[in-house]
file my_file.cif (mmCIF, C-alpha atoms)
data_model
loop_
_atom_site.label_atom_id
_atom_site.label_comp_id
_atom_site.auth_asym_id
_atom_site.auth_seq_id
_atom_site.Cartn_x
_atom_site.Cartn_y
_atom_site.Cartn_z
CA MET A 12 -8.94 -70.79 15.21
CA ALA A 13 -9.09 -69.61 18.77
CA THR A 14 -7.27 -66.34 17.99
CA GLU A 15 -9.65 -65.70 15.12
CA THR A 16 -12.67 -65.85 17.38
CA GLU A 17 -10.91 -63.61 19.86
CA ALA A 18 -10.24 -61.05 17.16
CA GLU A 19 -13.82 -61.33 15.97
CA LYS A 20 -15.00 -60.89 19.48
CA GLY A 21 -12.65 -57.96 19.95
CA LEU A 22 -13.99 -56.19 16.89
CA GLU A 23 -17.52 -56.13 18.22
CA ILE A 24 -17.70 -52.37 18.11
CA HIS A 25 -20.66 -50.54 19.59
CA PRO A 26 -20.01 -46.96 18.58
CA MET A 27 -23.61 -45.97 19.18
CA ASP A 28 -23.84 -47.24 22.74
CA GLN A 29 -22.49 -43.96 24.01
CA PHE A 30 -25.65 -42.26 22.81
CA LEU A 31 -28.04 -44.48 24.77
CA ILE A 32 -30.32 -42.56 27.08
CA LYS A 33 -30.29 -44.22 30.48
CA PRO A 34 -31.60 -43.18 33.86
CA VAL A 35 -28.75 -42.28 36.21
CA LEU A 36 -30.83 -42.18 39.39
CA GLY A 37 -32.54 -45.46 40.24
CA ASP A 38 -32.42 -48.47 37.95
CA GLY A 39 -35.97 -48.62 36.65
CA PRO A 40 -36.82 -48.21 32.96
CA LEU A 41 -36.54 -44.80 31.36
CA VAL A 42 -39.72 -42.79 31.77
CA TRP A 43 -40.38 -39.19 30.68
CA TYR A 44 -39.38 -37.70 34.06
CA SER A 45 -36.38 -39.98 34.84
CA PHE A 46 -33.20 -38.07 35.65
CA SER A 47 -31.30 -39.46 32.68
CA ASN A 48 -27.70 -39.10 31.55
CA THR A 49 -28.79 -36.40 29.12
CA ALA A 50 -30.44 -34.54 32.02
CA MET A 51 -27.27 -34.88 34.07
CA TRP A 52 -25.09 -33.47 31.30
CA MET A 53 -27.53 -30.66 30.67
CA ALA A 54 -27.23 -29.87 34.38
CA ILE A 55 -23.44 -29.89 34.03
CA THR A 56 -23.85 -27.62 31.00
CA LEU A 57 -25.89 -25.24 33.16
CA LEU A 58 -23.18 -25.39 35.80
CA GLY A 59 -20.55 -24.63 33.15
CA VAL A 60 -22.55 -21.67 31.91
CA ILE A 61 -22.95 -20.35 35.46
CA ILE A 62 -19.23 -20.73 36.17
CA PHE A 63 -18.34 -19.08 32.89
CA LEU A 64 -20.80 -16.18 32.88
CA VAL A 65 -21.35 -15.50 36.56
CA VAL A 66 -18.07 -16.43 38.19
CA GLY A 67 -16.11 -15.04 35.24
CA THR A 68 -17.62 -11.59 35.72
CA ARG A 69 -17.81 -11.50 39.52
CA LYS A 70 -15.08 -8.85 39.89
CA LYS A 71 -16.76 -6.47 37.43
CA SER A 72 -13.37 -4.87 36.86
CA TYR A 73 -12.63 -2.04 34.45
CA VAL A 74 -9.46 -3.84 33.44
CA PRO A 75 -10.61 -7.44 33.04
CA ASP A 76 -8.58 -10.44 34.12
CA ARG A 77 -8.13 -13.29 31.65
CA PHE A 78 -11.35 -15.03 32.64
CA GLN A 79 -13.49 -11.89 32.39
CA MET A 80 -11.75 -11.06 29.12
CA VAL A 81 -12.93 -14.34 27.56
CA VAL A 82 -16.48 -13.79 28.85
CA GLU A 83 -16.54 -10.28 27.40
CA LEU A 84 -15.07 -11.60 24.16
CA ILE A 85 -17.86 -14.19 23.79
CA TYR A 86 -20.46 -11.58 24.78
CA GLY A 87 -19.16 -9.15 22.18
CA PHE A 88 -18.86 -11.93 19.60
CA VAL A 89 -22.49 -13.05 19.91
CA ARG A 90 -23.82 -9.50 20.27
CA ASN A 91 -21.97 -8.33 17.16
CA MET A 92 -23.14 -11.42 15.30
CA VAL A 93 -26.78 -10.62 16.14
CA GLN A 94 -26.32 -6.97 15.23
CA ASP A 95 -24.35 -7.54 12.03
CA VAL A 96 -26.45 -10.40 10.66
CA ALA A 97 -29.95 -9.53 11.84
CA GLY A 98 -29.63 -5.77 12.35
CA ARG A 99 -29.91 -3.44 15.32
CA ASP A 100 -33.61 -4.12 15.77
CA ALA A 101 -32.74 -7.76 16.51
CA LEU A 102 -30.87 -6.81 19.69
CA PRO A 103 -33.93 -7.39 21.93
CA PHE A 104 -33.62 -11.06 20.93
CA PHE A 105 -29.95 -11.18 21.90
CA PRO A 106 -30.58 -12.89 25.29
CA TYR A 107 -32.40 -15.76 23.56
CA ILE A 108 -29.66 -16.21 21.01
CA MET A 109 -27.01 -15.98 23.71
CA THR A 110 -28.86 -18.70 25.65
CA ALA A 111 -28.92 -20.98 22.61
CA PHE A 112 -25.24 -20.33 21.87
CA MET A 113 -24.22 -20.97 25.47
CA PHE A 114 -26.21 -24.19 25.66
CA VAL A 115 -24.94 -25.54 22.36
CA ILE A 116 -21.29 -24.62 22.82
CA PHE A 117 -21.05 -25.92 26.40
CA SER A 118 -22.97 -29.05 25.55
CA ASN A 119 -20.73 -29.68 22.51
CA VAL A 120 -17.45 -29.07 24.31
CA LEU A 121 -18.35 -30.87 27.54
CA GLY A 122 -19.39 -33.85 25.41
CA LEU A 123 -15.76 -34.22 24.35
CA ILE A 124 -14.75 -35.25 27.87
CA PRO A 125 -14.19 -39.03 27.74
CA MET A 126 -17.10 -41.07 29.16
CA SER A 127 -19.33 -38.01 29.02
CA PHE A 128 -22.56 -37.52 27.12
CA THR A 129 -23.46 -34.98 24.46
CA PRO A 130 -27.10 -33.85 24.62
CA THR A 131 -26.69 -32.00 21.30
CA SER A 132 -25.86 -35.27 19.53
CA HIS A 133 -29.56 -36.17 19.83
CA ILE A 134 -31.97 -35.10 17.18
CA ALA A 135 -34.72 -34.72 19.81
CA VAL A 136 -32.71 -31.94 21.49
CA THR A 137 -31.52 -30.14 18.36
CA ALA A 138 -34.94 -30.48 16.70
CA THR A 139 -36.59 -28.92 19.74
CA LEU A 140 -34.10 -26.05 19.56
CA ALA A 141 -34.52 -25.65 15.81
CA LEU A 142 -38.31 -25.84 15.98
CA THR A 143 -38.33 -23.24 18.74
CA VAL A 144 -36.29 -20.96 16.48
CA PHE A 145 -38.48 -21.78 13.47
CA ILE A 146 -41.78 -21.15 15.24
CA SER A 147 -40.45 -18.04 16.98
CA VAL A 148 -39.15 -16.37 13.84
CA THR A 149 -42.32 -17.25 11.93
CA VAL A 150 -44.47 -15.72 14.67
CA ILE A 151 -42.18 -12.68 14.87
CA GLY A 152 -42.37 -12.29 11.10
CA PHE A 153 -46.18 -12.34 11.03
CA VAL A 154 -46.51 -10.15 14.12
CA LYS A 155 -44.13 -7.53 12.71
CA HIS A 156 -45.26 -7.54 9.09
CA GLY A 157 -48.61 -9.29 8.99
CA LEU A 158 -49.18 -10.84 5.59
CA GLY A 159 -46.26 -8.75 4.33
CA PHE A 160 -44.08 -11.47 5.80
CA LEU A 161 -45.09 -13.63 2.84
CA GLY A 162 -43.05 -11.20 0.73
CA LEU A 163 -40.11 -13.29 1.89
CA PHE A 164 -41.21 -15.91 -0.64
CA TRP A 165 -41.99 -13.46 -3.43
CA ILE A 166 -38.68 -12.51 -4.97
CA SER A 167 -39.40 -9.16 -6.58
CA SER A 168 -35.96 -8.92 -8.15
CA ALA A 169 -36.60 -12.04 -10.29
CA PRO A 170 -38.39 -11.90 -13.70
CA LEU A 171 -42.15 -11.97 -13.24
CA PRO A 172 -42.85 -15.39 -14.83
CA LEU A 173 -40.24 -17.01 -12.62
CA ARG A 174 -41.61 -15.61 -9.37
CA PRO A 175 -44.32 -18.24 -8.72
CA VAL A 176 -41.83 -21.04 -9.34
CA LEU A 177 -39.32 -19.41 -7.05
CA ALA A 178 -42.03 -18.86 -4.44
CA VAL A 179 -42.70 -22.61 -4.34
CA ILE A 180 -39.00 -23.32 -3.94
CA GLU A 181 -38.67 -20.63 -1.27
CA VAL A 182 -41.59 -22.02 0.72
CA MET A 183 -40.13 -25.51 0.54
CA SER A 184 -36.72 -24.33 1.61
CA TYR A 185 -38.31 -22.34 4.44
CA PHE A 186 -39.92 -25.48 5.83
CA VAL A 187 -36.75 -27.50 5.36
CA ARG A 188 -34.88 -25.00 7.56
CA PRO A 189 -35.65 -26.60 10.95
CA ILE A 190 -34.74 -30.01 9.59
CA SER A 191 -31.35 -28.94 8.21
CA HIS A 192 -30.80 -26.70 11.22
CA SER A 193 -31.24 -29.59 13.66
CA ILE A 194 -29.73 -32.47 11.69
CA ARG A 195 -26.59 -30.46 10.92
CA LEU A 196 -25.77 -30.05 14.59
CA ALA A 197 -26.83 -33.51 15.79
CA GLY A 198 -25.18 -35.23 12.84
CA ASN A 199 -21.88 -33.46 13.33
CA MET A 200 -21.81 -34.23 17.02
CA MET A 201 -22.81 -37.85 16.56
CA ALA A 202 -20.43 -38.60 13.70
CA GLY A 203 -17.29 -37.38 15.46
CA HIS A 204 -18.06 -39.23 18.66
CA ALA A 205 -18.88 -42.42 16.80
CA MET A 206 -15.67 -42.17 14.79
CA ILE A 207 -13.58 -41.73 17.93
CA LYS A 208 -15.31 -44.76 19.44
CA VAL A 209 -14.57 -46.88 16.34
CA PHE A 210 -10.88 -45.91 16.41
CA ALA A 211 -10.79 -46.64 20.13
CA ALA A 212 -12.15 -50.12 19.48
CA PHE A 213 -9.42 -50.67 16.86
CA ALA A 214 -6.83 -49.64 19.39
CA GLY A 215 -8.21 -52.21 21.81
CA VAL A 216 -7.44 -55.17 19.51
CA MET A 217 -4.28 -54.01 17.74
CA GLY A 218 -1.78 -54.61 20.53
CA LEU A 219 1.41 -52.63 19.88
CA GLY A 220 0.04 -51.37 16.60
CA ALA A 221 -2.49 -49.41 18.63
CA PHE A 222 -0.43 -46.28 18.32
CA VAL A 223 -1.88 -45.73 14.83
CA PRO A 224 -5.51 -45.44 15.96
CA ILE A 225 -4.38 -43.54 19.06
CA ILE A 226 -2.72 -40.93 16.85
CA ALA A 227 -5.83 -40.91 14.71
CA ILE A 228 -8.01 -40.42 17.81
CA SER A 229 -5.83 -37.50 18.90
CA ALA A 230 -6.14 -35.91 15.47
CA VAL A 231 -9.89 -36.49 15.31
CA TYR A 232 -10.24 -35.14 18.84
CA GLY A 233 -8.61 -31.88 17.78
CA LEU A 234 -10.88 -31.74 14.77
CA GLU A 235 -13.90 -32.47 16.98
CA LEU A 236 -12.99 -29.60 19.27
CA LEU A 237 -12.99 -27.34 16.23
CA VAL A 238 -16.29 -28.85 15.04
CA ALA A 239 -17.83 -28.30 18.50
CA PHE A 240 -17.10 -24.56 18.26
CA ILE A 241 -17.95 -24.23 14.59
CA GLN A 242 -21.28 -26.02 14.92
CA ALA A 243 -22.27 -23.84 17.85
CA TYR A 244 -21.33 -20.82 15.72
CA VAL A 245 -23.20 -22.16 12.70
CA PHE A 246 -26.31 -22.94 14.73
CA THR A 247 -26.29 -19.43 16.18
CA ILE A 248 -25.55 -17.57 12.97
CA LEU A 249 -28.32 -19.49 11.16
CA THR A 250 -30.68 -18.47 13.95
CA CYS A 251 -29.62 -14.88 13.31
CA VAL A 252 -30.17 -15.28 9.57
CA TYR A 253 -33.67 -16.66 10.13
CA LEU A 254 -34.36 -13.82 12.54
CA LYS A 255 -33.19 -11.36 9.92
CA ASP A 256 -35.65 -12.84 7.43
CA ALA A 257 -38.43 -12.40 9.99
CA LEU A 258 -37.49 -8.78 10.74
CA HIS A 259 -36.70 -7.75 7.16
CA PRO A 260 -38.60 -10.08 4.82
CA GLN A 261 -38.18 -7.81 1.78
CA HIS A 262 -35.68 -9.13 -0.70
CA MET B 10 -25.43 -64.54 14.25
CA ALA B 11 -27.35 -64.41 17.49
CA ALA B 12 -24.74 -62.09 18.95
CA GLU B 13 -25.03 -59.78 15.92
CA ASN B 14 -28.77 -59.56 16.33
CA ASN B 15 -28.31 -58.84 20.00
CA VAL B 16 -25.88 -56.03 19.23
CA SER B 17 -28.08 -54.36 16.69
CA GLU B 18 -31.03 -54.63 19.03
CA GLN B 19 -29.04 -53.18 21.84
CA ALA B 20 -27.36 -50.39 19.88
CA GLY B 21 -29.53 -49.44 16.92
CA ILE B 22 -29.53 -45.69 16.60
CA PRO B 23 -30.39 -44.29 20.03
CA GLN B 24 -31.18 -40.94 18.40
CA LEU B 25 -34.21 -42.51 16.77
CA GLU B 26 -35.60 -44.17 19.89
CA PHE B 27 -38.73 -42.13 20.12
CA SER B 28 -39.52 -43.39 23.60
CA SER B 29 -36.66 -41.29 24.97
CA PHE B 30 -37.86 -38.06 23.31
CA PRO B 31 -40.25 -36.88 26.05
CA ASN B 32 -37.51 -37.30 28.62
CA GLN B 33 -34.97 -35.38 26.55
CA ILE B 34 -37.38 -32.59 25.65
CA LEU B 35 -38.52 -32.22 29.28
CA TRP B 36 -34.99 -31.80 30.58
CA LEU B 37 -33.96 -29.63 27.65
CA VAL B 38 -36.81 -27.23 28.41
CA VAL B 39 -35.95 -27.23 32.13
CA PHE B 40 -32.25 -26.53 31.69
CA LEU B 41 -32.67 -24.20 28.76
CA LEU B 42 -35.00 -22.10 30.92
CA ALA B 43 -32.45 -22.21 33.73
CA ILE B 44 -29.67 -21.08 31.37
CA PHE B 45 -31.96 -18.37 30.00
CA ILE B 46 -32.62 -17.09 33.52
CA VAL B 47 -28.88 -17.03 34.28
CA VAL B 48 -28.12 -15.28 30.99
CA ARG B 49 -31.04 -12.81 31.07
CA MET B 50 -31.13 -12.00 34.78
CA ILE B 51 -27.50 -12.11 35.84
CA ALA B 52 -24.93 -12.37 33.08
CA LEU B 53 -26.09 -9.95 30.40
CA PRO B 54 -27.03 -7.05 32.71
CA ARG B 55 -23.72 -7.46 34.50
CA ILE B 56 -21.56 -7.61 31.38
CA GLY B 57 -23.58 -4.81 29.80
CA GLN B 58 -22.99 -2.71 32.90
CA ILE B 59 -19.26 -3.48 32.91
CA VAL B 60 -18.92 -2.61 29.24
CA SER B 61 -20.99 0.58 29.42
CA GLN B 62 -19.22 1.74 32.59
CA ARG B 63 -15.87 1.10 30.97
CA GLU B 64 -16.94 3.07 27.90
CA LYS B 65 -18.10 5.91 30.14
CA ARG B 66 -14.83 5.84 32.04
CA ILE B 67 -12.78 5.83 28.83
CA LYS B 68 -14.85 8.74 27.50
CA ALA B 69 -14.38 10.71 30.74
CA ASP B 70 -10.65 9.95 30.78
CA LEU B 71 -10.28 11.06 27.19
CA GLU B 72 -12.18 14.26 27.99
CA ASP B 73 -9.88 14.87 30.96
CA ALA B 74 -6.86 14.26 28.79
CA ARG B 75 -8.19 16.71 26.21
CA LYS B 76 -8.72 19.35 28.90
CA LEU B 77 -5.25 18.81 30.32
CA ASN B 78 -3.84 19.09 26.83
CA GLU B 79 -5.56 22.43 26.37
CA LYS B 80 -4.23 23.58 29.73
CA ILE B 81 -0.72 22.51 28.74
CA GLU B 82 -1.05 24.42 25.49
CA GLY B 83 -2.09 27.52 27.44
CA LEU B 84 0.87 27.09 29.76
CA GLU B 85 3.21 26.63 26.83
CA ASN B 86 1.91 29.83 25.27
CA SER B 87 2.37 31.79 28.47
CA ILE B 88 5.88 30.35 28.89
CA GLU B 89 6.70 31.45 25.35
CA GLU B 90 5.31 34.90 26.06
CA THR B 91 7.35 35.20 29.23
CA LEU B 92 10.45 34.04 27.40
CA ALA B 93 9.87 36.57 24.63
CA GLU B 94 9.37 39.31 27.21
CA ALA B 95 12.53 38.31 29.02
CA LYS B 96 14.40 38.34 25.75
CA ARG B 97 13.10 41.77 24.90
CA PHE B 98 13.99 43.05 28.36
CA SER B 99 17.50 41.61 28.27
CA GLU B 100 18.09 42.99 24.79
CA GLY B 101 16.97 46.46 25.95
CA LYS B 102 19.14 46.23 29.01
CA ALA B 103 22.14 45.16 26.93
CA ALA B 104 21.68 48.06 24.52
CA GLU B 105 21.34 50.52 27.41
CA THR B 106 24.45 49.19 29.10
CA ARG B 107 26.35 49.32 25.84
CA ASN B 108 25.37 52.96 25.40
CA GLU B 109 26.35 53.78 28.97
CA ILE B 110 29.72 52.16 28.49
CA LEU B 111 30.21 54.05 25.23
CA GLU B 112 29.34 57.31 26.93
CA MET B 113 31.70 56.61 29.79
CA GLN B 114 34.40 55.73 27.32
CA ASN B 115 33.87 58.93 25.35
CA LYS B 116 33.88 60.99 28.50
CA ALA B 117 37.08 59.39 29.69
CA LEU B 118 38.65 59.96 26.30
CA GLU B 119 37.65 63.60 26.33
CA GLU B 120 38.97 64.08 29.84
CA ALA B 121 42.20 62.40 28.88
CA GLU B 122 42.53 64.64 25.84
CA VAL B 123 42.02 67.75 27.95
CA THR B 124 44.65 66.62 30.43
CA VAL B 125 47.03 65.68 27.67
CA ARG B 126 46.53 69.03 25.98
CA ALA B 127 47.15 70.92 29.20
CA GLU B 128 50.25 68.89 29.88
CA VAL B 129 51.46 69.41 26.33
CA ALA B 130 50.93 73.17 26.68
CA GLU B 131 52.77 73.22 29.95
CA ALA B 132 55.58 71.16 28.51
CA GLU B 133 55.82 73.50 25.55
CA LYS B 134 56.02 76.41 27.91
CA ARG B 135 58.72 74.69 29.86
CA ILE B 136 60.62 73.93 26.67
CA GLU B 137 60.34 77.57 25.63
CA ALA B 138 61.63 78.69 29.01
CA ILE B 139 64.50 76.26 28.72
CA GLN B 140 65.20 77.50 25.18
CA ASP B 141 65.12 81.12 26.38
CA GLU B 142 67.42 80.29 29.23
CA ALA B 143 69.71 78.38 26.91
CA LEU B 144 69.71 81.31 24.51
CA THR B 145 70.64 83.74 27.27
CA ASN B 146 73.41 81.44 28.40
CA ILE B 147 74.67 81.10 24.81
CA ARG B 148 74.88 84.91 24.53
CA ALA B 149 76.88 85.23 27.76
CA ILE B 150 79.21 82.36 26.79
CA ALA B 151 79.67 83.76 23.31
CA ASN B 152 80.36 87.24 24.75
CA GLU B 153 82.88 85.87 27.16
CA ALA B 154 84.50 83.71 24.51
CA ALA B 155 84.65 86.59 22.05
CA VAL B 156 86.07 89.01 24.66
CA GLU B 157 88.64 86.40 25.58
CA ILE B 158 89.55 85.77 21.98
CA VAL B 159 89.76 89.51 21.28
CA ASN B 160 91.76 90.03 24.47
CA GLN B 161 94.16 87.37 23.34
CA ILE B 162 94.53 88.93 19.99
CA VAL B 163 94.11 92.59 20.89
CA PRO B 164 94.81 93.19 24.55
CA LYS B 165 92.67 96.27 24.82
CA ARG B 166 89.69 96.29 27.17
CA GLY B 167 88.01 99.31 25.79
CA ILE B 168 86.26 97.55 22.94
CA LEU B 169 84.72 94.99 25.10
CA ASP B 170 81.32 96.58 24.96
CA GLU B 171 81.67 96.86 21.20
CA ILE B 172 82.40 93.17 20.92
CA SER B 173 79.49 92.36 23.16
CA GLY B 174 77.23 94.45 20.98
CA VAL B 175 78.46 92.65 17.83
CA VAL B 176 78.05 89.22 19.42
CA ASP B 177 74.61 90.05 20.66
CA ALA B 178 73.69 91.30 17.24
CA LYS B 179 75.00 88.07 15.69
CA VAL B 180 73.32 85.82 18.21
CA GLN B 181 70.09 87.69 17.88
CA GLY B 182 70.29 87.53 14.10
CA LYS B 183 70.86 83.82 14.26
CA THR B 184 67.98 83.09 16.56
CA SER B 185 65.66 85.34 14.65
CA GLU B 186 66.59 83.50 11.39
#
call {"tool": "encode", "arguments": {"input": "my_file.cif", "output": "C-alpha cells"}}
result
Amino acid sequence: MATETEAEKGLEIHPMDQFLIKPVLGDGPLVWYSFSNTAMWMAITLLGVIIFLVVGTRKKSYVPDRFQMVVELIYGFVRNMVQDVAGRDALPFFPYIMTAFMFVIFSNVLGLIPMSFTPTSHIAVTATLALTVFISVTVIGFVKHGLGFLGLFWISSAPLPLRPVLAVIEVMSYFVRPISHSIRLAGNMMAGHAMIKVFAAFAGVMGLGAFVPIIAISAVYGLELLVAFIQAYVFTILTCVYLKDALHPQH
Amino acid sequence: MAAENNVSEQAGIPQLEFSSFPNQILWLVVFLLAIFIVVRMIALPRIGQIVSQREKRIKADLEDARKLNEKIEGLENSIEETLAEAKRFSEGKAAETRNEILEMQNKALEEAEVTVRAEVAEAEKRIEAIQDEALTNIRAIANEAAVEIVNQIVPKRGILDEISGVVDAKVQGKTSE
C-alpha cells in the first residue's frame, strides 16, 4: 500500500511548470515590468546573437575561419530565402526578416539547454511576432498597390462564377495567417519540451528501468534540435511568402 | 483529490495566463529592438562589406590572371617565333656548310686527279725510257751473241758488220711489229 502511494506521488508530473513566467529579480508578484525568466532568456538570446553575428565577423577576413563561415552561411541562407521567395524588391526588408530569424532560432535552440526557458514556446511572444508580420505586410501591400492589393483575394485565373466564393475563402485564410503562423511555432516548441519533461518524470520513478525513457529523451532531444531549426526556418519562410503576397498581389 | 486540484491550479497552461502577456510583450519588444539594432547597424553592413569586398577581390584576381594568361600567350608566341627563326638559321647554315664541304671535296679530288695524271705521265715516260734503254741493250747483246756464234761457227771477222746489220734489222723488225 505504501509503495503504491509512493508511485502515485512519484507520477505527479508537472510538464507545464517549465513554462511558468516568474520574476527572477525580487520575489514579488509578476507585474508588466518585472524582469522575468522570459526576459532573462531573451537577454541571453540577444547575447547569443551578438556573439554569433558580431564576434563571429570581427576579423572581417577574406578567407573566413570556421566561425565567420557559419555566420556568412546563415547570412547567405536568409538573404537568398528573401530574394528567392519574395523577389529582389523584398531585399530592403531583409534586416527585419534576419532579426526575426535570429531571434526565433536562438530562442528555440537556447531553450533546449536543460533548466532553461523558451520564450518562443509562449503564444504571447509568437503572436506578437506574427501580428507584427501580418500588420506590416498588410500595410506594405496597401501602400505599394493601394486598393490593387485586394487583387490578392480575386483569383483571376479561376472561372468567373467561382471567384466570389474563392475571394471569401481567401480573405478568411488571410486572416487565419497570423493565428497559424504563431500557434505553429509556439505549439511545436511547447510540445517537445513538455514531452521531454514527461519522459524525465517517468525516468524518475522507474529505477533501473529508467534507461528506456532516458534513451527516449535522447532521441526526442535530437528531434527537438531539428524542430528548433525547422520551425525557425518555417516561421521565416512564411514571413517571406506573406511579404511576397504584399509586394506582388497579382495571382 | 485536493492535491490534483492544487496541481492543475498551479500548472494549468501558462501560455494562456493572460496576466503574463504584458510582461512578455514588453520584453519581447525591448530585446527584439536590441537584436534589430545589432543586426541592422553592425552585423549586416559588416557581412555585406566582407562579401562585397571578397567578390571585388576575386574579380580583380581573375582579371589579373586573365592578363597574365594573355602575357604568357604572347611570350609563348615569341618563343615559338624565335625557335622557328633559329631552326631556319641552323638549316641555312647546315646547307651552306654542306656545300662548302662538297666544294672542298671536289677541289681536292680535282687536284688529286691532276697530280695523279702528272705522275702517270711521268711514269709512262720513265717506262718508255727504260724500254728504250732495254731495247738498246738487247740489240748490243744480240749483236755480241750473234758475232760470237758466227765466230764460233765461221771464224772470220770480216762479216761482223754484216751480222750486226742483220741483227739490227731483225731486232728493229721485231720491235716495230
call {"tool": "resolve_selection", "arguments": {"input": "my_file.cif", "expression": "the PyMOL selection byres ((chain A) within 8 of (chain B))", "output": "ChimeraX atom specification"}}
result
/A:25,27-28,30-32,41-45,47,49-50,53-54,57,60-61,64-65,68,71-73,83,86,106-107,109-111,114,132-136,139
call {"tool": "atom_distance", "arguments": {"input": "my_file.cif", "atom1": "atom CA of B:Val180", "atom2": "atom CA of B:Val156"}}
result
14.6 Å
call {"tool": "closest_residue", "arguments": {"input": "my_file.cif", "among": "A:Ile225, A:Met92, A:Leu234, A:Leu196", "to": "A:Thr137", "atoms": "all atoms listed in the file"}}
result
A:Leu196
call {"tool": "atom_distance", "arguments": {"input": "my_file.cif", "atom1": "atom CA of A:Ala257", "atom2": "atom CA of A:Ile241"}}
result
24.1 Å
call {"tool": "resolve_selection", "arguments": {"input": "my_file.cif", "expression": "the PyMOL selection byres ((chain A and resi 209) around 12)", "output": "PDB file with C-alpha atoms, in the coordinates of the input"}}
result
ATOM      1  CA  GLY A  21     -12.650 -57.960  19.950  1.00  0.00           C
ATOM      2  CA  LEU A  22     -13.990 -56.190  16.890  1.00  0.00           C
ATOM      3  CA  GLU A  23     -17.520 -56.130  18.220  1.00  0.00           C
ATOM      4  CA  ILE A  24     -17.700 -52.370  18.110  1.00  0.00           C
ATOM      5  CA  HIS A  25     -20.660 -50.540  19.590  1.00  0.00           C
ATOM      6  CA  PRO A  26     -20.010 -46.960  18.580  1.00  0.00           C
ATOM      7  CA  MET A  27     -23.610 -45.970  19.180  1.00  0.00           C
ATOM      8  CA  ASP A  28     -23.840 -47.240  22.740  1.00  0.00           C
ATOM      9  CA  GLN A  29     -22.490 -43.960  24.010  1.00  0.00           C
ATOM     10  CA  ALA A 202     -20.430 -38.600  13.700  1.00  0.00           C
ATOM     11  CA  GLY A 203     -17.290 -37.380  15.460  1.00  0.00           C
ATOM     12  CA  HIS A 204     -18.060 -39.230  18.660  1.00  0.00           C
ATOM     13  CA  ALA A 205     -18.880 -42.420  16.800  1.00  0.00           C
ATOM     14  CA  MET A 206     -15.670 -42.170  14.790  1.00  0.00           C
ATOM     15  CA  ILE A 207     -13.580 -41.730  17.930  1.00  0.00           C
ATOM     16  CA  LYS A 208     -15.310 -44.760  19.440  1.00  0.00           C
ATOM     17  CA  PHE A 210     -10.880 -45.910  16.410  1.00  0.00           C
ATOM     18  CA  ALA A 211     -10.790 -46.640  20.130  1.00  0.00           C
ATOM     19  CA  ALA A 212     -12.150 -50.120  19.480  1.00  0.00           C
ATOM     20  CA  PHE A 213      -9.420 -50.670  16.860  1.00  0.00           C
ATOM     21  CA  ALA A 214      -6.830 -49.640  19.390  1.00  0.00           C
ATOM     22  CA  GLY A 215      -8.210 -52.210  21.810  1.00  0.00           C
ATOM     23  CA  VAL A 216      -7.440 -55.170  19.510  1.00  0.00           C
ATOM     24  CA  PRO A 224      -5.510 -45.440  15.960  1.00  0.00           C
ATOM     25  CA  ILE A 225      -4.380 -43.540  19.060  1.00  0.00           C
ATOM     26  CA  ALA A 227      -5.830 -40.910  14.710  1.00  0.00           C
ATOM     27  CA  ILE A 228      -8.010 -40.420  17.810  1.00  0.00           C
ATOM     28  CA  VAL A 231      -9.890 -36.490  15.310  1.00  0.00           C
TER      29      VAL A 231
END
call {"tool": "atom_distance", "arguments": {"input": "my_file.cif", "atom1": "atom CA of A:Ser229", "atom2": "atom CA of A:Leu123"}}
result
11.8 Å
call {"tool": "resolve_selection", "arguments": {"input": "my_file.cif", "expression": "the PyMOL selection byres ((chain A and resi 162) around 10)", "output": "ChimeraX atom specification"}}
result
/A:156,158-161,163-167,178,259-262
call {"tool": "write_last_selection", "arguments": {"input": "my_file.cif", "atoms": "C-alpha atoms", "output": "short mmCIF file (atom, residue, chain, number, x, y, z; two decimals), in the frame of the given file"}}
result
data_model
loop_
_atom_site.label_atom_id
_atom_site.label_comp_id
_atom_site.auth_asym_id
_atom_site.auth_seq_id
_atom_site.Cartn_x
_atom_site.Cartn_y
_atom_site.Cartn_z
CA HIS A 156 -45.26 -7.54 9.09
CA LEU A 158 -49.18 -10.84 5.59
CA GLY A 159 -46.26 -8.75 4.33
CA PHE A 160 -44.08 -11.47 5.80
CA LEU A 161 -45.09 -13.63 2.84
CA LEU A 163 -40.11 -13.29 1.89
CA PHE A 164 -41.21 -15.91 -0.64
CA TRP A 165 -41.99 -13.46 -3.43
CA ILE A 166 -38.68 -12.51 -4.97
CA SER A 167 -39.40 -9.16 -6.58
CA ALA A 178 -42.03 -18.86 -4.44
CA HIS A 259 -36.70 -7.75 7.16
CA PRO A 260 -38.60 -10.08 4.82
CA GLN A 261 -38.18 -7.81 1.78
CA HIS A 262 -35.68 -9.13 -0.70
#
call {"tool": "axis_aligned_box", "arguments": {"input": "my_file.cif", "around": "stretch 77-83 of chain B", "padding_each_side": "3 Å", "output": "lines of an AutoDock Vina configuration file"}}
result
center_x = -3.1
center_y = 23.2
center_z = 27.9
size_x = 10.8
size_y = 14.7
size_z = 10.8
call {"tool": "closest_residue", "arguments": {"input": "my_file.cif", "among": "A:Lys70, A:Phe117, A:Ile108, A:Asp100", "to": "A:Phe88", "atoms": "all atoms listed in the file"}}
result
A:Ile108
call {"tool": "closest_residue", "arguments": {"input": "my_file.cif", "among": "A:Cys251, A:Met200, A:Leu219, A:Val238", "to": "A:Thr129", "atoms": "only C-alpha atoms"}}
result
A:Met200
call {"tool": "closest_residue", "arguments": {"input": "my_file.cif", "among": "A:Leu249, A:Ala197, A:Ala230, A:Val74", "to": "A:Val144", "atoms": "all atoms listed in the file"}}
result
A:Leu249
call {"tool": "residues_around", "arguments": {"input": "my_file.cif", "residues": "A:Val120", "least_positions_apart": "4", "cutoff": "12 Å", "atoms": "only C-alpha atoms", "output": "PyMOL selection string"}}
result
chain A and resi 52+55-56+59-60+112-116+124-125+127-132+200+204+232-243
call {"tool": "residues_around", "arguments": {"input": "my_file.cif", "residues": "A:Tyr253", "least_positions_apart": "2", "cutoff": "12 Å", "atoms": "all atoms listed in the file", "output": "PyMOL selection string"}}
result
chain A and resi 93+96-98+101+108+141-152+163+184-186+188-189+192+246-251+255-260
call {"tool": "residues_around", "arguments": {"input": "my_file.cif", "residues": "A:Val35", "least_positions_apart": "2", "cutoff": "8 Å", "atoms": "only C-alpha atoms", "output": "CSV table (one decimal) with C-alpha atoms, in the coordinates of the input"}}
result
chain,number,residue,atom,x,y,z
A,33,LYS,CA,-30.3,-44.2,30.5
A,37,GLY,CA,-32.5,-45.5,40.2
A,38,ASP,CA,-32.4,-48.5,38.0
A,46,PHE,CA,-33.2,-38.1,35.6
A,47,SER,CA,-31.3,-39.5,32.7
A,48,ASN,CA,-27.7,-39.1,31.6
A,51,MET,CA,-27.3,-34.9,34.1
